[in-house]
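Undergrad: To be precise about what I am sending: the file is called final34.cif and holds mmCIF, C-alpha atoms; chains and numbers go by the auth columns.
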```
data_my_file
loop_
_atom_site.group_PDB
_atom_site.id
_atom_site.type_symbol
_atom_site.label_atom_id
_atom_site.label_comp_id
_atom_site.label_asym_id
_atom_site.label_seq_id
_atom_site.Cartn_x
_atom_site.Cartn_y
_atom_site.Cartn_z
_atom_site.B_iso_or_equiv
_atom_site.auth_seq_id
_atom_site.auth_asym_id
ATOM 1 C CA MET A 1 61.594 30.288 -15.003 0.00 1 E
ATOM 2 C CA ASN A 2 61.192 26.534 -14.994 0.00 2 E
ATOM 3 C CA SER A 3 58.930 24.771 -12.512 0.00 3 E
ATOM 4 C CA ALA A 4 61.742 23.185 -10.486 0.00 4 E
ATOM 5 C CA LEU A 5 63.397 26.543 -9.982 0.00 5 E
ATOM 6 C CA ARG A 6 60.094 28.142 -9.024 0.00 6 E
ATOM 7 C CA THR A 7 59.386 25.355 -6.517 0.00 7 E
ATOM 8 C CA LEU A 8 62.841 25.826 -5.047 0.00 8 E
ATOM 9 C CA SER A 9 62.342 29.589 -4.863 0.00 9 E
ATOM 10 C CA LEU A 10 58.896 29.190 -3.283 0.00 10 E
ATOM 11 C CA SER A 11 60.207 26.724 -0.718 0.00 11 E
ATOM 12 C CA SER A 12 63.182 28.962 0.062 0.00 12 E
ATOM 13 C CA LEU A 13 60.997 32.036 0.458 0.00 13 E
ATOM 14 C CA LEU A 14 58.602 30.191 2.745 0.00 14 E
ATOM 15 C CA ALA A 15 61.506 28.818 4.762 0.00 15 E
ATOM 16 C CA LEU A 16 63.133 32.256 5.005 0.00 16 E
ATOM 17 C CA GLY A 17 59.795 33.697 6.062 0.00 17 E
ATOM 18 C CA ALA A 18 60.004 31.523 9.103 0.00 18 E
ATOM 19 C CA CYS A 19 63.201 33.366 10.171 0.00 19 E
ATOM 20 C CA GLY A 20 65.202 30.271 10.932 0.00 20 E
ATOM 21 C CA SER A 21 62.527 28.591 13.001 0.00 21 E
ATOM 22 C CA ILE A 22 60.227 25.825 11.776 0.00 22 E
ATOM 23 C CA PRO A 23 58.570 27.043 8.557 0.00 23 E
ATOM 24 C CA THR A 24 54.855 27.633 8.841 0.00 24 E
ATOM 25 C CA ARG A 25 52.116 28.275 6.326 0.00 25 E
ATOM 26 C CA THR A 26 48.446 29.056 6.932 0.00 26 E
ATOM 27 C CA PHE A 27 45.973 26.851 5.076 0.00 27 E
ATOM 28 C CA GLU A 28 42.220 27.180 4.739 0.00 28 E
ATOM 29 C CA PHE A 29 40.386 23.877 5.240 0.00 29 E
ATOM 30 C CA ASP A 30 36.900 22.886 4.146 0.00 30 E
ATOM 31 C CA ALA A 31 34.941 19.651 3.816 0.00 31 E
ATOM 32 C CA ILE A 32 31.916 18.707 1.758 0.00 32 E
ATOM 33 C CA SER A 33 30.009 15.528 0.949 0.00 33 E
ATOM 34 C CA VAL A 34 29.883 14.007 -2.543 0.00 34 E
ATOM 35 C CA ASP A 35 26.636 15.907 -3.166 0.00 35 E
ATOM 36 C CA GLU A 36 28.529 19.113 -2.325 0.00 36 E
ATOM 37 C CA GLN A 37 26.886 19.834 1.015 0.00 37 E
ATOM 38 C CA PRO A 38 29.046 21.202 3.856 0.00 38 E
ATOM 39 C CA ARG A 39 30.046 18.467 6.331 0.00 39 E
ATOM 40 C CA PRO A 40 30.974 19.132 9.970 0.00 40 E
ATOM 41 C CA CYS A 41 34.526 17.863 10.414 0.00 41 E
ATOM 42 C CA LEU A 42 37.515 17.945 12.717 0.00 42 E
ATOM 43 C CA ILE A 43 40.889 18.822 11.183 0.00 43 E
ATOM 44 C CA VAL A 44 43.588 16.729 12.844 0.00 44 E
ATOM 45 C CA VAL A 45 47.268 17.545 12.341 0.00 45 E
ATOM 46 C CA ASN A 46 49.795 14.705 12.719 0.00 46 E
ATOM 47 C CA ASP A 47 47.293 12.470 14.543 0.00 47 E
ATOM 48 C CA LYS A 48 46.921 14.848 17.501 0.00 48 E
ATOM 49 C CA TRP A 49 43.210 14.123 17.981 0.00 49 E
ATOM 50 C CA ALA A 50 42.684 15.450 21.505 0.00 50 E
ATOM 51 C CA GLU A 51 44.591 18.651 20.698 0.00 51 E
ATOM 52 C CA ALA A 52 42.522 19.206 17.555 0.00 52 E
ATOM 53 C CA PHE A 53 39.247 18.840 19.452 0.00 53 E
ATOM 54 C CA ALA A 54 40.417 20.996 22.377 0.00 54 E
ATOM 55 C CA ASN A 55 41.515 23.716 19.933 0.00 55 E
ATOM 56 C CA LYS A 56 38.145 23.487 18.135 0.00 56 E
ATOM 57 C CA GLN A 57 39.732 22.784 14.761 0.00 57 E
ATOM 58 C CA PHE A 58 36.279 22.452 13.226 0.00 58 E
ATOM 59 C CA VAL A 59 34.766 23.207 9.843 0.00 59 E
ATOM 60 C CA ASN A 60 31.032 23.579 9.198 0.00 60 E
ATOM 61 C CA VAL A 61 30.064 23.048 12.828 0.00 61 E
ATOM 62 C CA ALA A 62 28.434 26.346 13.760 0.00 62 E
ATOM 63 C CA ASP A 63 27.777 27.362 10.158 0.00 63 E
ATOM 64 C CA ASP A 64 28.939 26.718 6.589 0.00 64 E
ATOM 65 C CA ASP A 65 32.468 27.914 7.231 0.00 65 E
ATOM 66 C CA THR A 66 36.140 27.112 6.768 0.00 66 E
ATOM 67 C CA LEU A 67 39.082 26.836 9.163 0.00 67 E
ATOM 68 C CA LYS A 68 42.235 28.890 8.710 0.00 68 E
ATOM 69 C CA LEU A 69 45.019 27.057 10.475 0.00 69 E
ATOM 70 C CA PRO A 70 48.760 27.753 10.573 0.00 70 E
ATOM 71 C CA ILE A 71 50.610 24.486 9.953 0.00 71 E
ATOM 72 C CA ALA A 72 54.223 24.030 11.047 0.00 72 E
ATOM 73 C CA PHE A 73 56.439 21.930 8.782 0.00 73 E
ATOM 74 C CA PRO A 74 59.283 20.366 10.797 0.00 74 E
ATOM 75 C CA THR A 75 59.431 17.787 7.984 0.00 75 E
ATOM 76 C CA SER A 76 58.646 18.063 4.271 0.00 76 E
ATOM 77 C CA GLU A 77 55.131 16.663 4.752 0.00 77 E
ATOM 78 C CA VAL A 78 52.506 16.941 7.469 0.00 78 E
ATOM 79 C CA THR A 79 49.648 14.472 7.802 0.00 79 E
ATOM 80 C CA ILE A 80 46.197 16.005 7.852 0.00 80 E
ATOM 81 C CA THR A 81 43.216 13.847 8.783 0.00 81 E
ATOM 82 C CA VAL A 82 39.730 15.137 8.211 0.00 82 E
ATOM 83 C CA ALA A 83 37.377 13.354 10.573 0.00 83 E
ATOM 84 C CA PRO A 84 33.632 13.665 9.980 0.00 84 E
ATOM 85 C CA LEU A 85 31.769 14.664 13.140 0.00 85 E
ATOM 86 C CA LYS A 86 28.504 13.460 14.581 0.00 86 E
ATOM 87 C CA MET A 87 26.477 16.398 15.841 0.00 87 E
ATOM 88 C CA GLN A 88 24.240 16.123 18.894 0.00 88 E
ATOM 89 C CA ASN A 89 22.105 19.089 19.978 0.00 89 E
ATOM 90 C CA GLY A 90 24.254 21.375 17.873 0.00 90 E
ATOM 91 C CA GLN A 91 27.460 20.162 19.520 0.00 91 E
ATOM 92 C CA PRO A 92 30.080 17.868 17.971 0.00 92 E
ATOM 93 C CA ASN A 93 30.841 14.504 19.568 0.00 93 E
ATOM 94 C CA GLU A 94 34.562 13.997 20.091 0.00 94 E
ATOM 95 C CA PRO A 95 35.949 11.220 17.867 0.00 95 E
ATOM 96 C CA LYS A 96 38.931 9.321 19.267 0.00 96 E
ATOM 97 C CA SER A 97 40.110 7.735 16.052 0.00 97 E
ATOM 98 C CA ARG A 98 39.417 7.463 12.339 0.00 98 E
ATOM 99 C CA LYS A 99 37.238 4.391 12.869 0.00 99 E
ATOM 100 C CA ASP A 100 35.307 6.100 15.633 0.00 100 E
ATOM 101 C CA ALA A 101 34.699 9.124 13.350 0.00 101 E
ATOM 102 C CA ARG A 102 33.517 6.881 10.492 0.00 102 E
ATOM 103 C CA ASP A 103 31.253 4.730 12.653 0.00 103 E
ATOM 104 C CA SER A 104 29.577 7.597 14.471 0.00 104 E
ATOM 105 C CA SER A 105 29.122 9.991 11.536 0.00 105 E
ATOM 106 C CA GLY A 106 28.317 7.600 8.684 0.00 106 E
ATOM 107 C CA PHE A 107 30.901 9.320 6.464 0.00 107 E
ATOM 108 C CA MET A 108 34.406 8.302 5.444 0.00 108 E
ATOM 109 C CA ASP A 109 37.427 10.169 6.755 0.00 109 E
ATOM 110 C CA GLU A 110 40.409 11.162 4.603 0.00 110 E
ATOM 111 C CA VAL A 111 44.122 11.437 5.245 0.00 111 E
ATOM 112 C CA ARG A 112 46.276 13.709 3.119 0.00 112 E
ATOM 113 C CA ALA A 113 50.010 14.469 3.159 0.00 113 E
ATOM 114 C CA LEU A 114 50.317 18.231 2.964 0.00 114 E
ATOM 115 C CA GLN A 115 53.448 20.001 1.707 0.00 115 E
ATOM 116 C CA ILE A 116 54.391 23.581 2.504 0.00 116 E
ATOM 117 C CA THR A 117 54.201 24.546 -1.173 0.00 117 E
ATOM 118 C CA ASP A 118 50.673 23.158 -1.599 0.00 118 E
ATOM 119 C CA PRO A 119 47.724 25.420 -2.474 0.00 119 E
ATOM 120 C CA LYS A 120 46.432 27.350 0.514 0.00 120 E
ATOM 121 C CA ARG A 121 42.841 26.176 0.189 0.00 121 E
ATOM 122 C CA VAL A 122 42.451 22.504 1.126 0.00 122 E
ATOM 123 C CA LEU A 123 39.140 20.858 0.303 0.00 123 E
ATOM 124 C CA PHE A 124 38.107 17.369 1.363 0.00 124 E
ATOM 125 C CA ILE A 125 35.224 15.581 -0.366 0.00 125 E
ATOM 126 C CA LEU A 126 33.874 12.841 1.851 0.00 126 E
ATOM 127 C CA PRO A 127 31.866 9.889 0.565 0.00 127 E
ATOM 128 C CA LYS A 128 29.284 8.134 2.702 0.00 128 E
ATOM 129 C CA LYS A 129 30.506 5.126 4.627 0.00 129 E
ATOM 130 C CA PRO A 130 29.647 1.865 2.840 0.00 130 E
ATOM 131 C CA VAL A 131 26.926 -0.117 4.579 0.00 131 E
ATOM 132 C CA ASN A 132 29.340 -2.940 5.415 0.00 132 E
ATOM 133 C CA GLY A 133 32.398 -0.677 5.700 0.00 133 E
ATOM 134 C CA MET B 1 79.215 62.083 -20.100 0.00 1 V
ATOM 135 C CA ALA B 2 75.888 62.345 -21.862 0.00 2 V
ATOM 136 C CA SER B 3 76.316 58.857 -23.308 0.00 3 V
ATOM 137 C CA LYS B 4 77.144 57.444 -19.841 0.00 4 V
ATOM 138 C CA ASN B 5 73.956 58.962 -18.463 0.00 5 V
ATOM 139 C CA LEU B 6 72.025 57.510 -21.368 0.00 6 V
ATOM 140 C CA VAL B 7 73.426 54.040 -20.630 0.00 7 V
ATOM 141 C CA ARG B 8 72.505 54.389 -16.936 0.00 8 V
ATOM 142 C CA ALA B 9 69.009 55.554 -17.820 0.00 9 V
ATOM 143 C CA ARG B 10 68.580 52.639 -20.209 0.00 10 V
ATOM 144 C CA PHE B 11 69.746 50.190 -17.537 0.00 11 V
ATOM 145 C CA ALA B 12 67.417 51.732 -14.937 0.00 12 V
ATOM 146 C CA LEU B 13 64.501 51.248 -17.304 0.00 13 V
ATOM 147 C CA LEU B 14 65.542 47.808 -18.485 0.00 14 V
ATOM 148 C CA ALA B 15 66.417 46.211 -15.127 0.00 15 V
ATOM 149 C CA PRO B 16 62.863 46.029 -13.732 0.00 16 V
ATOM 150 C CA VAL B 17 61.608 44.701 -17.058 0.00 17 V
ATOM 151 C CA LEU B 18 64.239 41.952 -17.019 0.00 18 V
ATOM 152 C CA CYS B 19 63.363 41.090 -13.418 0.00 19 V
ATOM 153 C CA LEU B 20 59.677 40.832 -14.280 0.00 20 V
ATOM 154 C CA ALA B 21 60.459 38.686 -17.308 0.00 21 V
ATOM 155 C CA GLY B 22 62.535 36.430 -15.051 0.00 22 V
ATOM 156 C CA CYS B 23 59.516 35.814 -12.849 0.00 23 V
ATOM 157 C CA GLY B 24 57.650 34.566 -15.925 0.00 24 V
ATOM 158 C CA SER B 25 54.021 33.669 -16.219 0.00 25 V
ATOM 159 C CA SER B 26 53.170 30.646 -14.131 0.00 26 V
ATOM 160 C CA THR B 27 49.536 30.444 -15.188 0.00 27 V
ATOM 161 C CA LEU B 28 48.669 27.902 -17.851 0.00 28 V
ATOM 162 C CA MET B 29 45.328 27.502 -19.615 0.00 29 V
ATOM 163 C CA HIS B 30 44.522 23.867 -20.299 0.00 30 V
ATOM 164 C CA THR B 31 41.424 21.804 -20.959 0.00 31 V
ATOM 165 C CA LEU B 32 40.101 19.759 -18.064 0.00 32 V
ATOM 166 C CA ALA B 33 37.643 16.981 -18.823 0.00 33 V
ATOM 167 C CA VAL B 34 35.627 14.825 -16.446 0.00 34 V
ATOM 168 C CA ASN B 35 33.694 11.594 -16.764 0.00 35 V
ATOM 169 C CA PRO B 36 30.785 11.341 -15.988 0.00 36 V
ATOM 170 C CA PRO B 37 30.159 14.636 -17.744 0.00 37 V
ATOM 171 C CA ASP B 38 27.792 15.972 -15.085 0.00 38 V
ATOM 172 C CA ALA B 39 30.340 15.667 -12.262 0.00 39 V
ATOM 173 C CA SER B 40 31.459 18.824 -10.474 0.00 40 V
ATOM 174 C CA VAL B 41 35.101 19.850 -10.697 0.00 41 V
ATOM 175 C CA TYR B 42 37.224 21.704 -8.142 0.00 42 V
ATOM 176 C CA VAL B 43 40.687 23.153 -8.696 0.00 43 V
ATOM 177 C CA ASN B 44 42.657 24.021 -5.557 0.00 44 V
ATOM 178 C CA GLY B 45 39.476 23.677 -3.533 0.00 45 V
ATOM 179 C CA VAL B 46 37.469 26.089 -5.667 0.00 46 V
ATOM 180 C CA ARG B 47 34.546 24.876 -7.772 0.00 47 V
ATOM 181 C CA VAL B 48 35.277 25.570 -11.435 0.00 48 V
ATOM 182 C CA GLY B 49 32.056 24.162 -12.826 0.00 49 V
ATOM 183 C CA GLN B 50 30.071 21.205 -13.940 0.00 50 V
ATOM 184 C CA GLY B 51 30.136 19.648 -17.389 0.00 51 V
ATOM 185 C CA SER B 52 32.262 17.413 -19.500 0.00 52 V
ATOM 186 C CA SER B 53 35.101 19.689 -20.558 0.00 53 V
ATOM 187 C CA ARG B 54 36.309 23.247 -19.966 0.00 54 V
ATOM 188 C CA PRO B 55 39.431 25.385 -20.222 0.00 55 V
ATOM 189 C CA VAL B 56 40.884 25.894 -16.753 0.00 56 V
ATOM 190 C CA GLU B 57 43.523 28.272 -15.436 0.00 57 V
ATOM 191 C CA PHE B 58 46.325 26.379 -13.659 0.00 58 V
ATOM 192 C CA ASP B 59 48.083 28.967 -11.519 0.00 59 V
ATOM 193 C CA PHE B 60 51.421 27.811 -10.103 0.00 60 V
ATOM 194 C CA SER B 61 52.478 31.230 -8.775 0.00 61 V
ATOM 195 C CA ASP B 62 51.765 30.285 -5.159 0.00 62 V
ATOM 196 C CA CYS B 63 52.064 26.493 -5.179 0.00 63 V
ATOM 197 C CA SER B 64 54.235 23.753 -6.635 0.00 64 V
ATOM 198 C CA ARG B 65 51.363 21.408 -7.494 0.00 65 V
ATOM 199 C CA ILE B 66 47.664 21.830 -8.140 0.00 66 V
ATOM 200 C CA CYS B 67 44.878 19.773 -6.647 0.00 67 V
ATOM 201 C CA ILE B 68 42.087 18.664 -8.987 0.00 68 V
ATOM 202 C CA GLN B 69 38.990 17.067 -7.483 0.00 69 V
ATOM 203 C CA ALA B 70 35.778 15.811 -9.026 0.00 70 V
ATOM 204 C CA THR B 71 32.607 14.657 -7.355 0.00 71 V
ATOM 205 C CA HIS B 72 29.228 13.216 -8.251 0.00 72 V
ATOM 206 C CA PRO B 73 26.591 11.826 -5.871 0.00 73 V
ATOM 207 C CA ASP B 74 26.643 8.401 -7.557 0.00 74 V
ATOM 208 C CA TYR B 75 30.420 8.013 -7.823 0.00 75 V
ATOM 209 C CA LYS B 76 33.478 7.904 -5.609 0.00 76 V
ATOM 210 C CA PRO B 77 35.126 11.342 -5.387 0.00 77 V
ATOM 211 C CA GLU B 78 38.491 11.583 -7.120 0.00 78 V
ATOM 212 C CA MET B 79 41.520 13.708 -6.353 0.00 79 V
ATOM 213 C CA GLU B 80 44.699 14.168 -8.406 0.00 80 V
ATOM 214 C CA TRP B 81 47.766 16.371 -8.060 0.00 81 V
ATOM 215 C CA VAL B 82 49.329 17.897 -11.168 0.00 82 V
ATOM 216 C CA THR B 83 52.604 19.753 -11.536 0.00 83 V
ATOM 217 C CA GLU B 84 53.475 22.470 -14.014 0.00 84 V
ATOM 218 C CA LYS B 85 55.766 20.017 -15.800 0.00 85 V
ATOM 219 C CA GLU B 86 52.893 17.546 -16.274 0.00 86 V
ATOM 220 C CA ILE B 87 50.538 20.242 -17.590 0.00 87 V
ATOM 221 C CA ARG B 88 53.193 21.493 -20.013 0.00 88 V
ATOM 222 C CA HIS B 89 53.795 17.917 -21.181 0.00 89 V
ATOM 223 C CA MET B 90 50.063 17.371 -21.807 0.00 90 V
ATOM 224 C CA MET B 91 49.897 20.685 -23.685 0.00 91 V
ATOM 225 C CA SER B 92 52.812 19.678 -25.890 0.00 92 V
ATOM 226 C CA GLN B 93 51.129 16.341 -26.609 0.00 93 V
ATOM 227 C CA GLY B 94 47.763 18.021 -27.289 0.00 94 V
ATOM 228 C CA LYS B 95 46.132 15.926 -24.560 0.00 95 V
ATOM 229 C CA ASP B 96 43.421 17.122 -22.192 0.00 96 V
ATOM 230 C CA LYS B 97 43.649 16.473 -18.473 0.00 97 V
ATOM 231 C CA THR B 98 40.897 13.956 -17.761 0.00 98 V
ATOM 232 C CA ILE B 99 39.455 12.829 -14.441 0.00 99 V
ATOM 233 C CA VAL B 100 37.429 9.627 -14.457 0.00 100 V
ATOM 234 C CA LEU B 101 35.226 8.781 -11.500 0.00 101 V
ATOM 235 C CA GLN B 102 34.615 5.197 -10.423 0.00 102 V
ATOM 236 C CA THR B 103 31.146 4.010 -9.518 0.00 103 V
ATOM 237 C CA ARG B 104 30.442 3.354 -5.853 0.00 104 V
ATOM 238 C CA GLN B 105 30.235 -0.296 -4.867 0.00 105 V
#
```
So that I can check it, write out the structure of this file as structure tokens.

TA:
Amino acid sequence: MNSALRTLSLSSLLALGACGSIPTRTFEFDAISVDEQPRPCLIVVNDKWAEAFANKQFVNVADDDTLKLPIAFPTSEVTITVAPLKMQNGQPNEPKSRKDARDSSGFMDEVRALQITDPKRVLFILPKKPVNG
Amino acid sequence: MASKNLVRARFALLAPVLCLAGCGSSTLMHTLAVNPPDASVYVNGVRVGQGSSRPVEFDFSDCSRICIQATHPDYKPEMEWVTEKEIRHMMSQGKDKTIVLQTRQ
């Protein structure tokens, strides 16, 4: 079976699995630094920052862990932002924007366009924020 | 009658085999190289090792593209997507998949 046909089949199966509603797929998110240490981060879907924080869409906050999150695909791509978190007394500070996340944590954020047929495990590798960045 | 039964039996045995063959193998083994050679490499979010070059399993059974990432403390992390078509093309050309990290400024 060629790759185009397989992609079509995979997309169709995933779409059918949604029973006519918006197709959804569960992804497992994780974030590390360039030296491969777990980084506390907030996983933001389609720029819904407040919703992400309220729903505790965190990785590596309480422990070295991942976040399994069902993602709805009303369009072919969904924007995922991984925002590094600043921890204070074991609790994450709420970032309001990408710049806020960068400035407070000292790490760069990353934005990725996710497709429903992408691999289920989604890893972000975050570099440190440049001194004058 | 006996020959009809034989044909049916043959079809019953053959049909699942044909279906399985139709699914095909979607896992490709291909060499993945990284520069600098001591960078760590991740495929679909899973660490596959450290070192200049290694054969890697590219499994497209559950995804339409594969995410390759490489990281090193002294370099900018790199991420690339590859499709089955691209891997097959590289295999036919005898070329490795290579990820090159850029130094941090």

Undergrad: Could you build a table of the residues in chain E lying no more than 6 Å from chain V, giving for each the nearest pair of atoms and their separation in Å rounded to one decimal place, using only C-alpha atoms, ordered by chain and ascending residue number, as CSV?

TA:
```
residue,atom,partner,partner_atom,distance
E:Met1,CA,V:Gly24,CA,5.9
E:Thr7,CA,V:Ser64,CA,5.4
E:Val34,CA,V:Pro73,CA,5.2
E:Asp35,CA,V:Pro73,CA,4.9
E:Thr117,CA,V:Cys63,CA,4.9
E:Asp118,CA,V:Cys63,CA,5.1
E:Pro119,CA,V:Cys63,CA,5.2
E:Arg121,CA,V:Gly45,CA,5.6
E:Val122,CA,V:Gly45,CA,5.7
E:Leu123,CA,V:Gly45,CA,4.8
```

Undergrad: My list of candidates is V:Val56, V:Leu32, V:Val48, V:Val82. Which is closest to Asp96 (chain V) when distances are computed with all atoms listed in the file?

TA: V:Leu32

Undergrad: On this structure, the PyMOL selection byres ((chain E and resi 83) around 10) would catch which residues? List them as a ChimeraX atom specification, sorted by chain and number.

TA: /E:31,39-44,49,58,80-82,84-86,94-102,105,107-111,126

Undergrad: Rounded to one decimal, what separation in Å do you get between CA of Gln37 (chain E) and CA of Asn60 (chain E)?

TA: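 Straight-line distance from CA of Gln37 (chain E) to CA of Asn60 (chain E) works out to 9.9 Å.
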
Undergrad: Can you measure CA of Gln93 (chain V) to CA of Leu28 (chain V) for me? One decimal in Å is fine.

TA: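 Going from CA of Gln93 (chain V) over to CA of Leu28 (chain V), I get 14.7 Å.
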
Undergrad: In Å, with one decimal, what is the gap from CA of Asp38 (chain V) to CA of Thr103 (chain V)?

TA: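 Taking CA of Asp38 (chain V) as the start and CA of Thr103 (chain V) as the end point, the length is 13.6 Å.
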
Undergrad: Which neighbours of Leu69 (chain E) fall inside 9 Å, counting only C-alpha atoms, when residues of the same chain fewer than 3 positions from it are skipped, and could you give them as a list in words?

TA: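 Here the answer would be Arg25, Thr26, Phe27, Glu28, Phe29 and Gln57 of chain E.
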
Undergrad: Expand the PyMOL selection byres ((chain E and resi 73) around 7) into the explicit residue set it covers here, and present it as a VMD selection string.

TA: chain E and resid 22 to 24 71 to 72 74 to 78 116

Undergrad: Could you turn the residues from that selection into a file that holds C-alpha atoms, as a compact mmCIF listing (two decimals), keeping the file's coordinate frame?

TA:
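Saved as part-v4.txt:
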```txt
# COMPACT_ATOMS: atom_id res chain seq x y z
CA ILE E 22 60.23 25.82 11.78
CA PRO E 23 58.57 27.04 8.56
CA THR E 24 54.86 27.63 8.84
CA ILE E 71 50.61 24.49 9.95
CA ALA E 72 54.22 24.03 11.05
CA PRO E 74 59.28 20.37 10.80
CA THR E 75 59.43 17.79 7.98
CA SER E 76 58.65 18.06 4.27
CA GLU E 77 55.13 16.66 4.75
CA VAL E 78 52.51 16.94 7.47
CA ILE E 116 54.39 23.58 2.50
```

Undergrad: With only C-alpha atoms as the atoms that count, which of E:Phe124, E:Gly90, E:Ala113, E:Lys68 lies nearest to Pro38 (chain E)?

TA: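 Checking each of E:Phe124, E:Gly90, E:Ala113, E:Lys68 against Pro38 (chain E), counting only C-alpha atoms, the winner is E:Phe124.
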
Undergrad: Which one of E:Leu67, E:Val45, E:Ile32, E:Ala52 sits closest to Pro127 (chain E) if you count all atoms listed in the file?

TA: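 Smallest separation from Pro127 (chain E) among the options: E:Ile32.
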
Undergrad: For Arg54 (chain V), which residue out of V:Met91, V:Ala33, V:Val100, V:Val41 is the nearest one, using only C-alpha atoms?

TA: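 Counting only C-alpha atoms, the residue closest to Arg54 (chain V) is V:Ala33.
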